[in-house]
>>> print(open('work38.cif').read())   # mmCIF, C-alpha atoms and all ligand atoms
data_target
#
loop_
_atom_site.label_atom_id
_atom_site.label_comp_id
_atom_site.auth_asym_id
_atom_site.auth_seq_id
_atom_site.Cartn_x
_atom_site.Cartn_y
_atom_site.Cartn_z
CA MET A 1 -3.86 5.75 13.96
CA ARG A 2 -3.44 2.01 13.60
CA HIS A 3 -6.52 0.38 12.14
CA LYS A 4 -7.48 -2.32 9.66
CA ILE A 5 -7.20 -1.48 5.97
CA ILE A 6 -7.81 -3.48 2.83
CA ALA A 7 -6.54 -1.68 -0.26
CA GLY A 8 -6.94 -2.87 -3.84
CA ASN A 9 -4.16 -1.96 -6.25
CA TRP A 10 -5.67 -2.23 -9.71
CA LYS A 11 -2.34 -1.60 -11.46
CA MET A 12 -2.73 -1.04 -15.24
CA HIS A 13 -6.10 -2.77 -15.48
CA LYS A 14 -9.63 -1.62 -16.35
CA ASN A 15 -10.64 1.04 -18.85
CA ALA A 16 -13.24 3.70 -18.02
CA GLU A 17 -16.27 1.48 -18.52
CA GLN A 18 -14.71 -1.51 -16.78
CA THR A 19 -13.78 0.73 -13.85
CA GLU A 20 -17.42 1.81 -13.45
CA ASP A 21 -18.53 -1.82 -13.69
CA LEU A 22 -16.07 -3.03 -11.06
CA LEU A 23 -16.96 -0.15 -8.72
CA ASN A 24 -20.67 -0.98 -9.06
CA ASP A 25 -19.92 -4.62 -8.41
CA LEU A 26 -17.90 -3.69 -5.32
CA ILE A 27 -20.67 -1.44 -3.98
CA ASP A 28 -23.01 -4.41 -4.42
CA LYS A 29 -20.83 -7.05 -2.86
CA LEU A 30 -18.82 -5.37 -0.11
CA PRO A 31 -20.15 -6.06 3.36
CA PRO A 32 -21.89 -2.86 4.60
CA ASP A 33 -20.88 -2.58 8.26
CA VAL A 34 -17.24 -3.56 8.42
CA GLN A 35 -14.70 -2.22 10.88
CA VAL A 36 -12.10 -1.93 8.17
CA GLU A 37 -11.14 0.89 5.86
CA ILE A 38 -11.58 -0.04 2.21
CA ILE A 39 -9.47 1.61 -0.50
CA VAL A 40 -9.29 1.11 -4.25
CA ALA A 41 -6.53 2.41 -6.52
CA PRO A 42 -7.64 2.59 -10.16
CA THR A 43 -5.43 4.03 -12.91
CA PHE A 44 -4.79 7.79 -13.09
CA VAL A 45 -7.29 8.40 -15.91
CA ASN A 46 -10.11 6.85 -13.91
CA LEU A 47 -9.39 8.43 -10.53
CA ALA A 48 -11.70 11.43 -10.87
CA SER A 49 -14.66 9.33 -11.98
CA ALA A 50 -13.97 6.83 -9.18
CA VAL A 51 -13.97 9.64 -6.59
CA ASP A 52 -17.36 10.83 -7.92
CA HIS A 53 -18.76 7.34 -8.13
CA LEU A 54 -17.79 6.44 -4.56
CA GLU A 55 -18.77 9.74 -2.95
CA PHE A 56 -21.56 8.32 -0.79
CA THR A 57 -19.92 4.99 -0.01
CA ASN A 58 -17.39 3.80 2.56
CA ILE A 59 -14.81 3.11 -0.17
CA ASP A 60 -11.87 5.50 -0.45
CA VAL A 61 -9.76 6.15 -3.56
CA ALA A 62 -5.95 6.12 -3.80
CA ALA A 63 -3.52 6.89 -6.61
CA GLN A 64 -0.86 4.35 -7.54
CA ASN A 65 1.99 6.84 -7.88
CA MET A 66 2.81 10.55 -8.22
CA HIS A 67 5.73 12.81 -9.13
CA GLN A 68 7.69 14.58 -6.41
CA ALA A 69 7.76 18.06 -8.03
CA GLU A 70 5.08 20.70 -7.54
CA SER A 71 4.66 21.19 -11.28
CA GLY A 72 6.89 21.74 -14.30
CA ALA A 73 8.29 20.23 -17.45
CA PHE A 74 7.81 16.56 -16.55
CA THR A 75 5.89 15.18 -19.48
CA GLY A 76 3.46 12.46 -18.52
CA GLU A 77 3.66 13.02 -14.77
CA ILE A 78 1.10 13.89 -12.09
CA SER A 79 1.72 15.93 -8.91
CA ALA A 80 0.42 15.61 -5.37
CA GLU A 81 -1.51 18.85 -5.73
CA MET A 82 -3.28 17.52 -8.83
CA LEU A 83 -4.36 14.42 -6.96
CA LYS A 84 -5.68 16.53 -4.09
CA SER A 85 -7.54 18.76 -6.53
CA ILE A 86 -9.73 15.85 -7.67
CA GLY A 87 -10.41 14.61 -4.15
CA VAL A 88 -7.78 11.89 -3.85
CA ASN A 89 -6.33 11.77 -0.32
CA THR A 90 -4.08 8.71 -0.42
CA VAL A 91 -1.20 7.67 -2.67
CA ILE A 92 0.68 4.38 -2.99
CA LEU A 93 4.44 4.98 -3.24
CA GLY A 94 7.36 2.61 -3.71
CA HIS A 95 5.51 -0.35 -5.15
CA SER A 96 8.03 -2.98 -6.23
CA GLU A 97 6.90 -2.60 -9.85
CA ARG A 98 7.75 1.11 -9.68
CA ARG A 99 11.10 0.24 -8.12
CA ALA A 100 11.89 -2.50 -10.65
CA TYR A 101 10.53 -1.15 -13.95
CA PHE A 102 10.78 2.60 -13.39
CA HIS A 103 14.00 2.60 -11.36
CA GLU A 104 12.55 4.31 -8.30
CA ASN A 105 15.07 4.16 -5.49
CA ASP A 106 14.76 5.03 -1.83
CA ALA A 107 16.16 8.56 -2.25
CA LEU A 108 13.59 9.37 -4.93
CA LEU A 109 10.86 7.79 -2.84
CA ALA A 110 11.87 9.89 0.16
CA SER A 111 11.29 13.03 -1.92
CA LYS A 112 7.93 11.70 -3.16
CA VAL A 113 6.92 11.01 0.45
CA ASN A 114 7.85 14.58 1.40
CA SER A 115 5.81 16.06 -1.41
CA ALA A 116 2.81 13.86 -0.59
CA LEU A 117 2.90 14.82 3.10
CA GLU A 118 3.30 18.51 2.30
CA HIS A 119 0.05 18.25 0.38
CA GLU A 120 -1.63 16.28 3.17
CA LEU A 121 -1.83 13.11 1.17
CA ARG A 122 -1.63 9.93 3.19
CA VAL A 123 1.09 7.59 1.89
CA ILE A 124 0.89 3.82 1.57
CA PHE A 125 4.62 3.09 1.45
CA CYS A 126 5.53 -0.27 -0.13
CA PHE A 127 8.75 -2.12 0.41
CA GLY A 128 10.03 -5.68 0.70
CA GLU A 129 12.86 -7.96 -0.25
CA GLU A 130 13.46 -9.92 -3.44
CA LEU A 131 13.79 -13.69 -3.53
CA LYS A 132 17.59 -13.53 -3.77
CA ASP A 133 17.69 -11.40 -0.60
CA ARG A 134 15.65 -13.93 1.32
CA GLN A 135 17.73 -16.82 0.02
CA ALA A 136 20.86 -14.97 1.13
CA LYS A 137 19.18 -14.30 4.52
CA GLN A 138 19.46 -10.58 3.88
CA HIS A 139 15.73 -9.88 4.07
CA PHE A 140 15.76 -8.15 7.44
CA SER A 141 18.63 -5.84 6.55
CA ILE A 142 17.11 -5.01 3.13
CA VAL A 143 13.79 -4.08 4.76
CA GLU A 144 15.54 -2.09 7.48
CA ASN A 145 17.47 -0.12 4.83
CA GLN A 146 14.33 0.58 2.79
CA LEU A 147 12.64 1.97 5.90
CA HIS A 148 15.68 3.94 6.89
CA ASP A 149 16.34 5.47 3.47
CA GLY A 150 12.72 6.04 2.48
CA LEU A 151 11.08 7.17 5.71
CA PHE A 152 13.41 7.69 8.65
CA HIS A 153 14.06 11.33 7.77
CA LEU A 154 10.48 12.04 8.86
CA ASP A 155 9.46 13.53 12.19
CA ALA A 156 7.36 11.44 14.57
CA LYS A 157 4.32 13.62 13.86
CA ASP A 158 4.48 12.76 10.13
CA TRP A 159 3.82 9.11 10.86
CA GLY A 160 0.13 9.78 11.35
CA ASN A 161 -0.06 9.95 7.55
CA ILE A 162 2.07 6.90 6.79
CA VAL A 163 0.72 3.40 6.21
CA LEU A 164 3.26 0.66 5.53
CA ALA A 165 2.81 -2.19 3.07
CA TYR A 166 5.31 -5.00 3.42
CA GLU A 167 5.32 -6.81 0.09
CA PRO A 168 7.96 -9.48 -0.44
CA VAL A 169 8.68 -9.18 -4.17
CA TRP A 170 8.78 -12.95 -4.62
CA ALA A 171 5.14 -13.15 -3.50
CA ILE A 172 3.69 -10.48 -5.79
CA GLY A 173 1.58 -11.84 -8.63
CA THR A 174 3.29 -15.22 -8.31
CA GLY A 175 0.66 -17.15 -6.39
CA GLU A 176 3.36 -17.73 -3.79
CA THR A 177 2.38 -16.14 -0.46
CA ALA A 178 4.56 -15.59 2.54
CA THR A 179 3.38 -17.97 5.23
CA PRO A 180 1.43 -16.26 8.01
CA GLU A 181 4.46 -16.91 10.23
CA GLN A 182 6.85 -15.26 7.75
CA ALA A 183 4.52 -12.27 7.48
CA GLN A 184 4.19 -11.94 11.26
CA GLU A 185 7.94 -12.31 11.78
CA MET A 186 8.68 -9.49 9.34
CA HIS A 187 5.85 -7.24 10.53
CA ALA A 188 7.05 -7.60 14.12
CA PHE A 189 10.57 -6.75 12.97
CA ILE A 190 9.27 -3.67 11.11
CA ARG A 191 7.38 -2.47 14.19
CA GLU A 192 10.45 -3.06 16.34
CA THR A 193 12.64 -1.13 13.90
CA ILE A 194 10.23 1.78 14.05
CA ARG A 195 10.09 1.54 17.84
CA SER A 196 13.84 1.80 18.13
CA LYS A 197 13.86 4.98 16.02
CA TYR A 198 10.62 6.70 17.09
CA GLY A 199 9.42 5.01 20.28
CA SER A 200 6.35 2.96 21.14
CA ASP A 201 3.64 5.47 20.31
CA VAL A 202 4.64 5.67 16.66
CA ALA A 203 5.40 1.94 16.41
CA GLU A 204 2.06 0.89 17.89
CA GLY A 205 0.21 3.55 15.94
CA VAL A 206 1.35 2.60 12.46
CA THR A 207 -0.79 0.36 10.28
CA ILE A 208 1.28 -2.34 8.55
CA LEU A 209 -0.33 -4.11 5.60
CA TYR A 210 0.83 -7.33 4.00
CA GLY A 211 0.82 -7.70 0.21
CA GLY A 212 1.65 -10.56 -2.11
CA SER A 213 -0.84 -13.09 -3.50
CA VAL A 214 -3.46 -12.53 -0.81
CA LYS A 215 -6.57 -14.47 -1.89
CA PRO A 216 -9.88 -15.33 -0.23
CA ASP A 217 -8.55 -18.72 0.85
CA ASN A 218 -5.38 -17.50 2.61
CA ALA A 219 -6.48 -14.06 3.84
CA LYS A 220 -7.96 -15.06 7.18
CA GLU A 221 -4.86 -16.83 8.41
CA ILE A 222 -2.54 -13.99 7.38
CA PHE A 223 -4.79 -11.33 8.92
CA SER A 224 -5.06 -13.28 12.17
CA LYS A 225 -1.45 -12.41 12.98
CA PRO A 226 -1.10 -9.66 15.60
CA ASP A 227 1.16 -7.32 13.63
CA VAL A 228 -0.66 -7.69 10.30
CA ASP A 229 -3.23 -4.89 10.05
CA GLY A 230 -4.71 -5.76 6.67
CA GLY A 231 -3.60 -6.13 3.09
CA LEU A 232 -2.62 -4.53 -0.19
CA ILE A 233 -4.30 -6.69 -2.78
CA GLY A 234 -3.38 -6.92 -6.47
CA GLY A 235 -4.91 -9.64 -8.63
CA ALA A 236 -7.76 -10.50 -6.28
CA ALA A 237 -8.82 -6.83 -6.13
CA LEU A 238 -9.97 -7.07 -9.75
CA ASN A 239 -12.77 -9.43 -8.83
CA ALA A 240 -15.46 -7.94 -6.60
CA ALA A 241 -16.46 -11.22 -4.96
CA ASP A 242 -12.85 -12.07 -4.12
CA PHE A 243 -12.12 -8.59 -2.82
CA ALA A 244 -15.28 -8.65 -0.69
CA ALA A 245 -14.29 -12.04 0.71
CA ILE A 246 -10.86 -10.65 1.62
CA VAL A 247 -12.46 -7.63 3.32
CA SER A 248 -14.66 -10.02 5.32
CA ALA A 249 -11.59 -12.00 6.38
CA VAL A 250 -10.02 -9.14 8.33
P1 LIG B 301 -0.85 -9.54 -5.89
O1 LIG B 301 -0.25 -8.07 -5.92
O2 LIG B 301 -1.91 -9.57 -4.84
O3 LIG B 301 -1.40 -9.77 -7.29
O4 LIG B 301 0.29 -10.46 -5.58
C1 LIG B 301 -0.02 -7.36 -4.72
C2 LIG B 301 0.55 -6.01 -5.04
O5 LIG B 301 1.25 -5.88 -6.05
O6 LIG B 301 0.32 -5.04 -4.32
#
>>> encode(input="work38.cif", output="structure tokens")
Amino acid sequence: MRHKIIAGNWKMHKNAEQTEDLLNDLIDKLPPDVQVEIIVAPTFVNLASAVDHLEFTNIDVAAQNMHQAESGAFTGEISAEMLKSIGVNTVILGHSERRAYFHENDALLASKVNSALEHELRVIFCFGEELKDRQAKQHFSIVENQLHDGLFHLDAKDWGNIVLAYEPVWAIGTGETATPEQAQEMHAFIRETIRSKYGSDVAEGVTILYGGSVKPDNAKEIFSKPDVDGGLIGGAALNAADFAAIVSAV
């Protein structure tokens, strides 16, 4: 069901010891009684220790990616079932860095989503336009196509395990944030697009996060928008004080 989420995507940062240190720092600094779900996504090698470390806290652990197959000759890959087996219940799919550097397209992502849902993993599905798309005023159609090709094969009941993360590529890691108005405009469009396919219950029930250079000083304004249900945080998630400030801004 729709609720507030702040998720930290650690990308390829933090070795084993640094992961423990950052988790301890987060446990120290995160506000205790917040009405927001808090998620961190460390690297694959540190997921199991993070799950153990956070067992008695209100912080959940997500993976940053997974392979779509059950198992097999896919050197270097990790399956949904493997994630479940170490206590991970959420996976980020479709991040723009996966799309850009590892050539993940919507058809592949659709099969990853299917595999995740079959294993009862919740999916944080990322999508968003590039700068050239926005300059060409194609951003709405690009986003609509990403939703259509990545997720619209699902049944309405599957949407209980889907969280969306709208991340305009031009705002990721660049220090350039979408204005709160741009974020709201796109989030409202996304909800409307879902409504026209699945109806109001699904559209109102889905949590839509914003991602792209969210920092302590711009978080509050972005999160104040009615269709923005929280954030997927990159750079600022690597600093416990900044991440805690962003959690407090929801
Ligand atoms: P950023 O990254 O906050 O560093 O822009 C966001 C993301 O990649 O999810």
>>> closest_residue(input="work38.cif", among="A:Gln138, A:Thr75, A:Gln18, A:Gln146", to="A:Asp106", atoms="only C-alpha atoms")
A:Gln146
>>> closest_residue(input="work38.cif", among="A:Lys225, A:Asp60, A:His119, A:Val51", to="A:Ser79", atoms="all atoms listed in the file")
A:His119
>>> residues_near_ligand(input="work38.cif", ligand="ligand LIG 301 (chain B)", cutoff="7 Å", atoms="only C-alpha atoms and all ligand atoms", output="NGL selection string")
:A and (9 or 167 or 171-175 or 211-214 or 232-236)
>>> residues_around(input="work38.cif", residues="A:Ala219", least_positions_apart="6", cutoff="12 Å", atoms="only C-alpha atoms", output="list in words")
Ile6, Thr177, Ala178, Thr179, Pro180, Ala183, Leu209, Tyr210, Gly211, Gly212, Ser213, Lys225, Val228, Asp229, Gly230, Gly231, Leu232, Ile233, Ala236, Asp242, Phe243, Ala244, Ala245, Ile246, Val247, Ser248, Ala249 and Val250 of chain A
>>> closest_residue(input="work38.cif", among="A:Thr90, A:Glu144, A:Leu154, A:Gly72", to="A:Ala110", atoms="all atoms listed in the file")
A:Leu154
>>> closest_residue(input="work38.cif", among="A:Ser200, A:Thr207, A:Asn114, A:Ser141", to="A:Gly160", atoms="all atoms listed in the file")
A:Thr207
>>> atom_distance(input="work38.cif", atom1="atom CA of A:Phe152", atom2="atom CA of A:Val202")
12.0 Å
>>> build_atoms(input="work38.cif", residues="stretch 158-179 of chain A", atoms="N, CA and C atoms", output="mmCIF file, in the coordinates of the input")
data_model
loop_
_atom_site.group_PDB
_atom_site.id
_atom_site.type_symbol
_atom_site.label_atom_id
_atom_site.label_comp_id
_atom_site.auth_asym_id
_atom_site.auth_seq_id
_atom_site.Cartn_x
_atom_site.Cartn_y
_atom_site.Cartn_z
ATOM 1 N N ASP A 158 4.833 13.100 11.523
ATOM 2 C CA ASP A 158 4.480 12.760 10.130
ATOM 3 C C ASP A 158 3.897 11.358 10.011
ATOM 4 N N TRP A 159 4.206 10.509 10.983
ATOM 5 C CA TRP A 159 3.820 9.110 10.860
ATOM 6 C C TRP A 159 2.310 8.884 10.944
ATOM 7 N N GLY A 160 1.585 9.885 11.375
ATOM 8 C CA GLY A 160 0.130 9.780 11.350
ATOM 9 C C GLY A 160 -0.414 9.646 9.937
ATOM 10 N N ASN A 161 0.380 10.046 8.947
ATOM 11 C CA ASN A 161 -0.060 9.950 7.550
ATOM 12 C C ASN A 161 0.708 8.908 6.752
ATOM 13 N N ILE A 162 1.344 7.983 7.469
ATOM 14 C CA ILE A 162 2.070 6.900 6.790
ATOM 15 C C ILE A 162 1.416 5.560 7.124
ATOM 16 N N VAL A 163 1.134 4.809 6.082
ATOM 17 C CA VAL A 163 0.720 3.400 6.210
ATOM 18 C C VAL A 163 1.813 2.591 5.536
ATOM 19 N N LEU A 164 2.219 1.493 6.136
ATOM 20 C CA LEU A 164 3.260 0.660 5.530
ATOM 21 C C LEU A 164 2.630 -0.542 4.843
ATOM 22 N N ALA A 165 3.235 -0.958 3.738
ATOM 23 C CA ALA A 165 2.810 -2.190 3.070
ATOM 24 C C ALA A 165 4.038 -3.038 2.806
ATOM 25 N N TYR A 166 4.209 -4.066 3.637
ATOM 26 C CA TYR A 166 5.310 -5.000 3.420
ATOM 27 C C TYR A 166 4.898 -5.982 2.320
ATOM 28 N N GLU A 167 5.651 -5.948 1.227
ATOM 29 C CA GLU A 167 5.320 -6.810 0.090
ATOM 30 C C GLU A 167 6.583 -7.515 -0.390
ATOM 31 N N PRO A 168 6.801 -8.742 0.065
ATOM 32 C CA PRO A 168 7.960 -9.480 -0.440
ATOM 33 C C PRO A 168 7.813 -9.657 -1.958
ATOM 34 N N VAL A 169 8.811 -9.227 -2.705
ATOM 35 C CA VAL A 169 8.680 -9.180 -4.170
ATOM 36 C C VAL A 169 8.394 -10.563 -4.738
ATOM 37 N N TRP A 170 8.962 -11.586 -4.120
ATOM 38 C CA TRP A 170 8.780 -12.950 -4.620
ATOM 39 C C TRP A 170 7.345 -13.449 -4.452
ATOM 40 N N ALA A 171 6.528 -12.717 -3.718
ATOM 41 C CA ALA A 171 5.140 -13.150 -3.500
ATOM 42 C C ALA A 171 4.140 -12.343 -4.327
ATOM 43 N N ILE A 172 4.623 -11.359 -5.080
ATOM 44 C CA ILE A 172 3.690 -10.480 -5.790
ATOM 45 C C ILE A 172 3.336 -11.061 -7.149
ATOM 46 N N GLY A 173 2.068 -11.355 -7.332
ATOM 47 C CA GLY A 173 1.580 -11.840 -8.630
ATOM 48 C C GLY A 173 2.085 -13.233 -8.976
ATOM 49 N N THR A 174 2.680 -13.915 -8.017
ATOM 50 C CA THR A 174 3.290 -15.220 -8.310
ATOM 51 C C THR A 174 2.440 -16.376 -7.821
ATOM 52 N N GLY A 175 1.437 -16.078 -7.008
ATOM 53 C CA GLY A 175 0.660 -17.150 -6.390
ATOM 54 C C GLY A 175 1.364 -17.707 -5.158
ATOM 55 N N GLU A 176 2.596 -17.273 -4.957
ATOM 56 C CA GLU A 176 3.360 -17.730 -3.790
ATOM 57 C C GLU A 176 3.199 -16.702 -2.667
ATOM 58 N N THR A 177 2.593 -17.086 -1.559
ATOM 59 C CA THR A 177 2.380 -16.140 -0.460
ATOM 60 C C THR A 177 3.415 -16.399 0.615
ATOM 61 N N ALA A 178 3.798 -15.353 1.313
ATOM 62 C CA ALA A 178 4.560 -15.590 2.540
ATOM 63 C C ALA A 178 3.659 -16.380 3.480
ATOM 64 N N THR A 179 4.219 -17.281 4.250
ATOM 65 C CA THR A 179 3.380 -17.970 5.230
ATOM 66 C C THR A 179 2.944 -16.933 6.272
#
